[in-house]
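One file, query06.cif, is given below (mmCIF, C-alpha atoms, pLDDT in the B column; chains and numbers go by the auth columns).
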data_query
loop_
_atom_site.group_PDB
_atom_site.id
_atom_site.type_symbol
_atom_site.label_atom_id
_atom_site.label_comp_id
_atom_site.label_asym_id
_atom_site.label_seq_id
_atom_site.Cartn_x
_atom_site.Cartn_y
_atom_site.Cartn_z
_atom_site.B_iso_or_equiv
_atom_site.auth_seq_id
_atom_site.auth_asym_id
ATOM 1 C CA LYS A 1 7.503 -51.278 -27.138 48.00 1 A
ATOM 2 C CA ASN A 2 7.235 -54.380 -24.986 56.00 2 A
ATOM 3 C CA GLN A 3 3.663 -55.495 -25.806 63.00 3 A
ATOM 4 C CA ASN A 4 1.175 -55.368 -28.685 66.00 4 A
ATOM 5 C CA THR A 5 -1.924 -54.232 -26.802 76.00 5 A
ATOM 6 C CA TYR A 6 -2.845 -52.262 -23.702 74.00 6 A
ATOM 7 C CA VAL A 7 -6.375 -52.074 -22.270 81.00 7 A
ATOM 8 C CA LEU A 8 -7.514 -48.845 -20.587 79.00 8 A
ATOM 9 C CA THR A 9 -9.895 -49.519 -17.700 84.00 9 A
ATOM 10 C CA ASN A 10 -10.290 -45.930 -16.487 84.00 10 A
ATOM 11 C CA PRO A 11 -13.423 -44.482 -18.153 83.00 11 A
ATOM 12 C CA SER A 12 -12.288 -40.915 -17.450 84.00 12 A
ATOM 13 C CA ILE A 13 -9.437 -41.289 -19.966 82.00 13 A
ATOM 14 C CA THR A 14 -10.740 -40.073 -23.313 79.00 14 A
ATOM 15 C CA GLN A 15 -7.516 -39.410 -25.184 79.00 15 A
ATOM 16 C CA VAL A 16 -4.112 -41.124 -25.353 77.00 16 A
ATOM 17 C CA GLU A 17 -0.893 -39.752 -26.813 70.00 17 A
ATOM 18 C CA ILE A 18 1.847 -42.242 -27.653 67.00 18 A
ATOM 19 C CA VAL A 19 5.307 -40.698 -27.719 58.00 19 A
ATOM 20 C CA HIS A 20 8.336 -42.555 -29.026 56.00 20 A
ATOM 21 C CA ASP A 21 11.803 -41.039 -28.982 65.00 21 A
ATOM 22 C CA GLY A 22 13.541 -42.051 -32.178 71.00 22 A
ATOM 23 C CA PRO A 23 16.970 -43.637 -32.227 87.00 23 A
ATOM 24 C CA ASP A 24 20.232 -41.709 -32.136 91.00 24 A
ATOM 25 C CA PHE A 25 22.298 -42.099 -35.304 94.00 25 A
ATOM 26 C CA PHE A 26 26.038 -42.762 -35.471 96.00 26 A
ATOM 27 C CA PRO A 27 28.341 -42.903 -38.525 95.00 27 A
ATOM 28 C CA PHE A 28 30.663 -45.810 -39.280 97.00 28 A
ATOM 29 C CA ASN A 29 33.352 -46.262 -41.923 96.00 29 A
ATOM 30 C CA ALA A 30 33.618 -48.884 -44.615 96.00 30 A
ATOM 31 C CA GLY A 31 35.929 -51.664 -43.439 96.00 31 A
ATOM 32 C CA TRP A 32 37.008 -52.228 -39.867 97.00 32 A
ATOM 33 C CA ASN A 33 35.844 -49.953 -37.031 97.00 33 A
ATOM 34 C CA ILE A 34 36.423 -50.005 -33.267 98.00 34 A
ATOM 35 C CA VAL A 35 32.904 -49.479 -31.904 98.00 35 A
ATOM 36 C CA SER A 36 31.154 -49.393 -28.550 98.00 36 A
ATOM 37 C CA LEU A 37 27.617 -48.949 -27.286 97.00 37 A
ATOM 38 C CA PRO A 38 26.888 -45.214 -26.899 96.00 38 A
ATOM 39 C CA LEU A 39 23.570 -45.916 -25.143 96.00 39 A
ATOM 40 C CA LYS A 40 22.090 -48.570 -22.876 95.00 40 A
ATOM 41 C CA PRO A 41 19.924 -50.505 -25.371 91.00 41 A
ATOM 42 C CA THR A 42 16.301 -50.705 -24.242 85.00 42 A
ATOM 43 C CA GLY A 43 15.430 -53.893 -26.069 83.00 43 A
ATOM 44 C CA THR A 44 18.304 -56.210 -26.837 88.00 44 A
ATOM 45 C CA MET A 45 22.060 -56.425 -26.445 94.00 45 A
ATOM 46 C CA ALA A 46 22.381 -58.765 -29.437 97.00 46 A
ATOM 47 C CA LYS A 47 25.078 -57.682 -31.868 97.00 47 A
ATOM 48 C CA ASN A 48 23.046 -58.882 -34.875 96.00 48 A
ATOM 49 C CA LEU A 49 20.119 -56.624 -33.944 95.00 49 A
ATOM 50 C CA ILE A 50 22.076 -53.531 -32.889 96.00 50 A
ATOM 51 C CA PHE A 51 24.482 -53.708 -35.845 97.00 51 A
ATOM 52 C CA PRO A 52 22.519 -55.782 -38.404 96.00 52 A
ATOM 53 C CA SER A 53 24.620 -54.619 -41.366 96.00 53 A
ATOM 54 C CA ALA A 54 27.988 -55.622 -39.858 97.00 54 A
ATOM 55 C CA THR A 55 29.767 -58.221 -41.971 97.00 55 A
ATOM 56 C CA SER A 56 31.968 -59.607 -39.190 97.00 56 A
ATOM 57 C CA LYS A 57 31.663 -60.944 -35.699 97.00 57 A
ATOM 58 C CA ALA A 58 32.161 -58.508 -32.821 98.00 58 A
ATOM 59 C CA PHE A 59 35.712 -59.065 -31.582 98.00 59 A
ATOM 60 C CA PHE A 60 36.813 -57.802 -28.168 97.00 60 A
ATOM 61 C CA PHE A 61 40.222 -58.058 -26.492 96.00 61 A
ATOM 62 C CA ASP A 62 40.749 -59.934 -23.237 93.00 62 A
ATOM 63 C CA ASN A 63 44.205 -61.510 -23.144 88.00 63 A
ATOM 64 C CA GLY A 64 43.693 -62.132 -26.852 93.00 64 A
ATOM 65 C CA TYR A 65 40.788 -61.653 -29.256 96.00 65 A
ATOM 66 C CA GLN A 66 37.415 -63.267 -28.587 96.00 66 A
ATOM 67 C CA PHE A 67 33.997 -62.631 -30.103 97.00 67 A
ATOM 68 C CA ALA A 68 30.662 -61.803 -28.492 97.00 68 A
ATOM 69 C CA GLU A 69 27.073 -62.336 -29.594 97.00 69 A
ATOM 70 C CA LEU A 70 25.784 -60.047 -26.834 97.00 70 A
ATOM 71 C CA LEU A 71 27.396 -56.628 -26.453 97.00 71 A
ATOM 72 C CA ASP A 72 27.978 -54.660 -23.262 97.00 72 A
ATOM 73 C CA ASN A 73 28.616 -51.041 -22.357 97.00 73 A
ATOM 74 C CA GLY A 74 32.192 -50.006 -21.615 97.00 74 A
ATOM 75 C CA ILE A 75 33.696 -52.633 -23.914 97.00 75 A
ATOM 76 C CA ALA A 76 35.065 -51.902 -27.388 98.00 76 A
ATOM 77 C CA TYR A 77 34.636 -54.230 -30.353 98.00 77 A
ATOM 78 C CA TRP A 78 36.127 -54.604 -33.803 98.00 78 A
ATOM 79 C CA LEU A 79 33.301 -54.612 -36.379 98.00 79 A
ATOM 80 C CA LYS A 80 33.509 -54.599 -40.175 97.00 80 A
ATOM 81 C CA PHE A 81 31.051 -52.891 -42.531 97.00 81 A
ATOM 82 C CA ALA A 82 30.790 -53.270 -46.303 97.00 82 A
ATOM 83 C CA ASN A 83 30.352 -49.525 -46.849 96.00 83 A
ATOM 84 C CA THR A 84 30.155 -46.192 -45.052 96.00 84 A
ATOM 85 C CA GLN A 85 26.824 -45.943 -43.245 95.00 85 A
ATOM 86 C CA THR A 86 24.862 -44.389 -40.401 96.00 86 A
ATOM 87 C CA ILE A 87 23.174 -46.686 -37.882 96.00 87 A
ATOM 88 C CA GLY A 88 20.346 -45.786 -35.512 94.00 88 A
ATOM 89 C CA ILE A 89 20.542 -47.128 -31.962 94.00 89 A
ATOM 90 C CA ASP A 90 17.653 -47.020 -29.456 91.00 90 A
ATOM 91 C CA GLY A 91 18.483 -46.775 -25.789 93.00 91 A
ATOM 92 C CA ASP A 92 18.908 -44.800 -22.601 93.00 92 A
ATOM 93 C CA THR A 93 21.621 -42.209 -22.088 94.00 93 A
ATOM 94 C CA VAL A 94 24.806 -43.380 -20.373 96.00 94 A
ATOM 95 C CA ASP A 95 26.122 -40.385 -18.427 95.00 95 A
ATOM 96 C CA ALA A 96 28.851 -42.241 -16.541 96.00 96 A
ATOM 97 C CA ASP A 97 30.593 -45.576 -16.626 97.00 97 A
ATOM 98 C CA THR A 98 33.354 -47.306 -14.674 97.00 98 A
ATOM 99 C CA ILE A 99 35.507 -49.517 -16.896 97.00 99 A
ATOM 100 C CA ALA A 100 37.811 -52.204 -15.541 96.00 100 A
ATOM 101 C CA VAL A 101 41.318 -52.379 -17.046 97.00 101 A
ATOM 102 C CA ALA A 102 44.110 -54.937 -16.820 96.00 102 A
ATOM 103 C CA PRO A 103 47.884 -54.407 -16.976 96.00 103 A
ATOM 104 C CA GLY A 104 48.969 -53.789 -20.571 96.00 104 A
ATOM 105 C CA TRP A 105 46.774 -52.818 -23.518 96.00 105 A
ATOM 106 C CA ASN A 106 42.993 -52.519 -23.132 97.00 106 A
ATOM 107 C CA MET A 107 40.156 -51.857 -25.588 98.00 107 A
ATOM 108 C CA ILE A 108 37.623 -49.566 -23.893 98.00 108 A
ATOM 109 C CA GLY A 109 34.294 -48.099 -24.925 98.00 109 A
ATOM 110 C CA SER A 110 32.826 -44.637 -24.440 97.00 110 A
ATOM 111 C CA ILE A 111 29.570 -43.084 -23.181 97.00 111 A
ATOM 112 C CA THR A 112 26.793 -41.002 -24.726 96.00 112 A
ATOM 113 C CA THR A 113 28.669 -37.696 -24.736 96.00 113 A
ATOM 114 C CA PRO A 114 32.228 -36.836 -25.829 96.00 114 A
ATOM 115 C CA ILE A 115 34.690 -37.108 -22.934 95.00 115 A
ATOM 116 C CA PRO A 116 38.101 -35.346 -22.856 96.00 116 A
ATOM 117 C CA THR A 117 40.782 -37.833 -21.898 96.00 117 A
ATOM 118 C CA SER A 118 42.123 -35.315 -19.384 94.00 118 A
ATOM 119 C CA GLY A 119 38.855 -35.703 -17.445 94.00 119 A
ATOM 120 C CA ILE A 120 38.995 -39.491 -17.141 96.00 120 A
ATOM 121 C CA ILE A 121 39.522 -40.542 -13.515 96.00 121 A
ATOM 122 C CA GLN A 122 42.201 -43.201 -13.101 96.00 122 A
ATOM 123 C CA GLN A 123 42.167 -45.630 -10.213 95.00 123 A
ATOM 124 C CA PRO A 124 44.914 -46.101 -9.133 95.00 124 A
ATOM 125 C CA PRO A 125 46.166 -42.591 -9.983 94.00 125 A
ATOM 126 C CA ASN A 126 48.524 -42.196 -12.955 94.00 126 A
ATOM 127 C CA ASN A 127 47.797 -45.751 -14.099 96.00 127 A
ATOM 128 C CA VAL A 128 47.570 -44.865 -17.805 97.00 128 A
ATOM 129 C CA VAL A 129 50.970 -45.096 -19.502 96.00 129 A
ATOM 130 C CA SER A 130 50.016 -44.307 -23.121 96.00 130 A
ATOM 131 C CA SER A 131 47.889 -42.021 -25.202 96.00 131 A
ATOM 132 C CA TYR A 132 44.333 -43.094 -26.068 97.00 132 A
ATOM 133 C CA PHE A 133 44.309 -44.437 -29.629 97.00 133 A
ATOM 134 C CA GLY A 134 41.312 -44.472 -31.933 96.00 134 A
ATOM 135 C CA PHE A 135 41.081 -46.106 -35.345 96.00 135 A
ATOM 136 C CA GLY A 136 39.986 -44.546 -38.623 89.00 136 A
ATOM 137 C CA VAL A 137 41.999 -45.460 -41.675 84.00 137 A
ATOM 138 C CA SER A 138 44.824 -46.096 -39.229 92.00 138 A
ATOM 139 C CA TYR A 139 45.545 -45.662 -35.530 94.00 139 A
ATOM 140 C CA SER A 140 45.835 -42.119 -34.190 94.00 140 A
ATOM 141 C CA PRO A 141 46.059 -40.648 -30.682 96.00 141 A
ATOM 142 C CA THR A 142 43.073 -38.660 -29.499 96.00 142 A
ATOM 143 C CA SER A 143 42.282 -36.200 -26.724 96.00 143 A
ATOM 144 C CA THR A 144 38.517 -36.915 -26.754 97.00 144 A
ATOM 145 C CA LEU A 145 36.555 -40.168 -26.537 97.00 145 A
ATOM 146 C CA GLU A 146 33.589 -39.984 -28.912 97.00 146 A
ATOM 147 C CA PRO A 147 30.238 -41.809 -28.562 97.00 147 A
ATOM 148 C CA ALA A 148 29.963 -45.177 -30.368 97.00 148 A
ATOM 149 C CA ARG A 149 33.756 -45.405 -30.737 97.00 149 A
ATOM 150 C CA GLY A 150 36.273 -47.612 -29.010 98.00 150 A
ATOM 151 C CA TYR A 151 39.887 -46.958 -28.046 98.00 151 A
ATOM 152 C CA TRP A 152 43.127 -48.664 -27.106 98.00 152 A
ATOM 153 C CA VAL A 153 44.873 -47.546 -23.933 97.00 153 A
ATOM 154 C CA LYS A 154 47.762 -49.046 -21.964 97.00 154 A
ATOM 155 C CA THR A 155 47.787 -49.230 -18.175 97.00 155 A
ATOM 156 C CA ASN A 156 50.447 -50.161 -15.683 96.00 156 A
ATOM 157 C CA ALA A 157 48.248 -52.160 -13.301 95.00 157 A
ATOM 158 C CA SER A 158 44.743 -53.499 -12.812 96.00 158 A
ATOM 159 C CA GLY A 159 42.279 -50.752 -11.966 96.00 159 A
ATOM 160 C CA THR A 160 39.412 -48.713 -13.367 97.00 160 A
ATOM 161 C CA LEU A 161 38.836 -45.774 -15.681 97.00 161 A
ATOM 162 C CA ILE A 162 35.852 -43.613 -14.777 97.00 162 A
ATOM 163 C CA LEU A 163 34.112 -41.713 -17.580 97.00 163 A
ATOM 164 C CA ALA A 164 31.506 -39.127 -16.612 95.00 164 A
ATOM 165 C CA ALA A 165 29.659 -36.448 -18.547 90.00 165 A
ATOM 166 C CA ALA A 166 29.781 -32.895 -17.203 79.00 166 A
ATOM 167 C CA GLY A 167 27.537 -32.711 -14.152 67.00 167 A
ATOM 168 C CA ALA A 168 27.188 -36.486 -13.849 65.00 168 A
ATOM 169 C CA ALA A 169 28.339 -38.112 -10.634 53.00 169 A
ATOM 170 C CA PRO A 170 30.518 -41.110 -11.479 53.00 170 A
ATOM 171 C CA LYS A 171 29.862 -44.345 -9.642 49.00 171 A
ATOM 172 C CA THR A 172 33.073 -44.843 -7.751 49.00 172 A
ATOM 173 C CA ALA A 173 34.239 -47.387 -5.246 49.00 173 A
ATOM 174 C CA PRO A 174 36.570 -46.506 -2.373 53.00 174 A
ATOM 175 C CA LEU A 175 40.226 -46.698 -3.291 53.00 175 A
ATOM 176 C CA PRO A 176 41.911 -49.885 -2.098 56.00 176 A
ATOM 177 C CA PRO A 177 44.309 -49.149 0.799 58.00 177 A
ATOM 178 C CA GLU A 178 47.289 -50.079 -1.398 57.00 178 A
ATOM 179 C CA TRP A 179 46.390 -47.383 -3.951 56.00 179 A
ATOM 180 C CA GLU A 180 45.864 -44.742 -1.267 58.00 180 A
ATOM 181 C CA ALA A 181 49.271 -45.609 0.174 60.00 181 A
ATOM 182 C CA LEU A 182 50.903 -45.288 -3.237 60.00 182 A
ATOM 183 C CA ALA A 183 49.256 -41.919 -3.895 59.00 183 A
ATOM 184 C CA ALA A 184 50.802 -40.603 -0.681 62.00 184 A
ATOM 185 C CA MET A 185 54.343 -41.583 -1.767 67.00 185 A
ATOM 186 C CA SER A 186 56.670 -39.387 -3.821 71.00 186 A
ATOM 187 C CA GLY A 187 56.516 -39.908 -7.575 67.00 187 A
ATOM 188 C CA LEU A 188 58.719 -39.355 -10.613 70.00 188 A
ATOM 189 C CA THR A 189 56.922 -39.388 -13.981 65.00 189 A
ATOM 190 C CA LEU A 190 58.909 -40.269 -17.114 65.00 190 A
ATOM 191 C CA THR A 191 57.414 -39.367 -20.516 60.00 191 A
ATOM 192 C CA ASP A 192 58.738 -40.391 -23.925 56.00 192 A
ATOM 193 C CA SER A 193 58.492 -38.560 -27.269 55.00 193 A
ATOM 194 C CA HIS A 194 55.197 -40.323 -28.101 48.00 194 A
ATOM 195 C CA GLY A 195 53.476 -39.095 -24.955 46.00 195 A
ATOM 196 C CA ALA A 196 53.566 -42.419 -23.115 47.00 196 A
ATOM 197 C CA SER A 197 54.376 -41.991 -19.447 49.00 197 A
ATOM 198 C CA HIS A 198 55.103 -44.051 -16.367 53.00 198 A
ATOM 199 C CA THR A 199 55.258 -42.953 -12.750 60.00 199 A
ATOM 200 C CA LEU A 200 57.856 -44.401 -10.406 65.00 200 A
ATOM 201 C CA ARG A 201 56.894 -44.369 -6.705 64.00 201 A
ATOM 202 C CA PHE A 202 59.524 -44.055 -4.000 68.00 202 A
ATOM 203 C CA GLY A 203 59.886 -43.231 -0.333 68.00 203 A
ATOM 204 C CA PRO A 204 61.775 -44.147 2.865 63.00 204 A
ATOM 205 C CA LYS A 205 59.985 -47.512 2.897 63.00 205 A
ATOM 206 C CA TYR A 206 57.137 -49.205 1.078 61.00 206 A
ATOM 207 C CA PRO A 207 53.745 -49.060 2.818 61.00 207 A
ATOM 208 C CA GLU A 208 52.383 -52.327 4.141 63.00 208 A
ATOM 209 C CA GLY A 209 50.725 -54.386 1.417 60.00 209 A
ATOM 210 C CA VAL A 210 52.576 -52.705 -1.504 60.00 210 A
ATOM 211 C CA ASP A 211 54.601 -54.999 -3.750 60.00 211 A
ATOM 212 C CA PRO A 212 57.545 -52.871 -5.028 59.00 212 A
ATOM 213 C CA ARG A 213 57.897 -55.131 -8.072 56.00 213 A
ATOM 214 C CA SER A 214 54.552 -53.851 -9.371 54.00 214 A
ATOM 215 C CA TYR A 215 55.518 -50.156 -9.251 53.00 215 A
#
The structure given in the file should be rewritten as structure tokens.
Amino acid sequence: KNQNTYVLTNPSITQVEIVHDGPDFFPFNAGWNIVSLPLKPTGTMAKNLIFPSATSKAFFFDNGYQFAELLDNGIAYWLKFANTQTIGIDGDTVDADTIAVAPGWNMIGSITTPIPTSGIIQQPPNNVVSSYFGFGVSYSPTSTLEPARGYWVKTNASGTLILAAAGAAPKTAPLPPEWEALAAMSGLTLTDSHGASHTLRFGPKYPEGVDPRSY
């Protein structure tokens, strides 16, 4: 609803049906939650209007914690609620999203549908070096990213994570030449007992433009 009145000037129209799709509802725990926007809000991106019952600011992580008054898709936020509750959010479906990540730990959001972590496209390849961790009462690794939730994940280098629902075409950019060169090299993946992994790249010589100190 973007206006209070609408005047019909076509005399042949004798009947009008107004259809409004209600909000989708998402559960949240009492205390701290890692949340994200499961839809593209149709009206406002203001935290106070989307999550009016939150008792904290919306904290996101970017080289340290900061807070936001306006929320954005793909980003995860810490939010605190006084009690367990279900919140309705109005908006358009988000079938795919490309999320930028930095070296080290990142807080990422999700999309409208559950996404298995095995289906997340990593650019550059094999950039993720940890499990994906959600937060309930405590941190726990997960194999599926759920709508309205946020997650911690560690990456080796700057890049993107592409989330796409089944049948949705992710919006991808061409791989930088450096990443394509790395993907063509031999690799040795080391995995520890917690599931964290790191891939070492090697070959007769490093391709032009590749800094060996980064890999």
Task: Shell of 9 Å around range 37-49 of chain A, all atoms listed in the file, local chain residues under 3 positions omitted, as a ChimeraX atom specification - done: /A:1-2,24,26,52-54,57-58,68-76,89-94,109-113,146-150
- [ ] Using only C-alpha atoms, determine which residues lie at most 7 Å from Ala30 in chain A, disregarding the query and same-chain residues fewer than 4 positions distant; provide the list as a list in words.
- [x]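 Those residues are Phe81, Ala82, Asn83 and Thr84 of chain A.
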Open item on the list: What would the selection look like, as a ChimeraX atom specification, if the PyMOL selection byres ((chain A and resi 28) around 6) were run on the coordinates I just shared?
Closed with: /A:27,29,84-85
Would you mind exporting C-alpha atoms of the selected residues as an mmCIF file, in the frame of the given file?
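And here's again-v8.cif as it stands now:
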data_model
loop_
_atom_site.group_PDB
_atom_site.id
_atom_site.type_symbol
_atom_site.label_atom_id
_atom_site.label_comp_id
_atom_site.auth_asym_id
_atom_site.auth_seq_id
_atom_site.Cartn_x
_atom_site.Cartn_y
_atom_site.Cartn_z
ATOM 1 C CA PRO A 27 28.341 -42.903 -38.525
ATOM 2 C CA ASN A 29 33.352 -46.262 -41.923
ATOM 3 C CA THR A 84 30.155 -46.192 -45.052
ATOM 4 C CA GLN A 85 26.824 -45.943 -43.245
#
Task: Who sits within 9 Å of Pro103 in chain A, all atoms listed in the file, same chain under 4 positions skipped, as a PyMOL selection string - done: chain A and resi 154-159
Task: Counting only C-alpha atoms, the residue of A:Leu145, A:Ile87, A:Ala102, A:Val7 that sits nearest Gln123 in chain A - done: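 Selected residue with least distance to Gln123 in chain A: A:Ala102.
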- [ ] Measuring atom to atom with all atoms listed in the file, identify which of A:Asn106, A:Thr14, A:Ser36, A:Thr9 is nearest to Asn63 in chain A.
- [x]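 Selected residue with least distance to Asn63 in chain A: A:Asn106.
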- [ ] Just give me the gap between CA of Ala166 in chain A and CA of Gly136 in chain A in Å, one decimal is fine.
- [x]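 Straight-line distance from CA of Ala166 in chain A to CA of Gly136 in chain A works out to 26.4 Å.
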Where does the PyMOL selection byres ((chain A and resi 98) around 6) land in this file, that is, which residues does it pick, as a PDB file with C-alpha atoms, in the coordinates of the input?
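Output (out_36.pdb):
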ATOM      1  CA  ASP A  97      30.593 -45.576 -16.626  1.00 97.00           C
ATOM      2  CA  ILE A  99      35.507 -49.517 -16.896  1.00 97.00           C
ATOM      3  CA  LEU A 161      38.836 -45.774 -15.681  1.00 97.00           C
ATOM      4  CA  ILE A 162      35.852 -43.613 -14.777  1.00 97.00           C
TER       5      ILE A 162
END
- [ ] Give as a ChimeraX atom specification the residues that the PyMOL selection byres ((chain A and resi 116) around 8) matches when applied to the coordinates above.
- [x] /A:114-115,117-120,143-145
- [ ] Choose the residue, out of A:Asn126, A:Gln15, A:Thr5, A:Thr55, that has the smallest atom-to-atom separation from Gly31 in chain A; count all atoms listed in the file.
- [x]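 Selected residue with least distance to Gly31 in chain A: A:Thr55.
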Open item on the list: Between CA of Phe61 in chain A and CA of Val35 in chain A, what distance in Å does the model show, to one decimal?
Closed with: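 Separation of CA of Phe61 in chain A and CA of Val35 in chain A: 12.5 Å.
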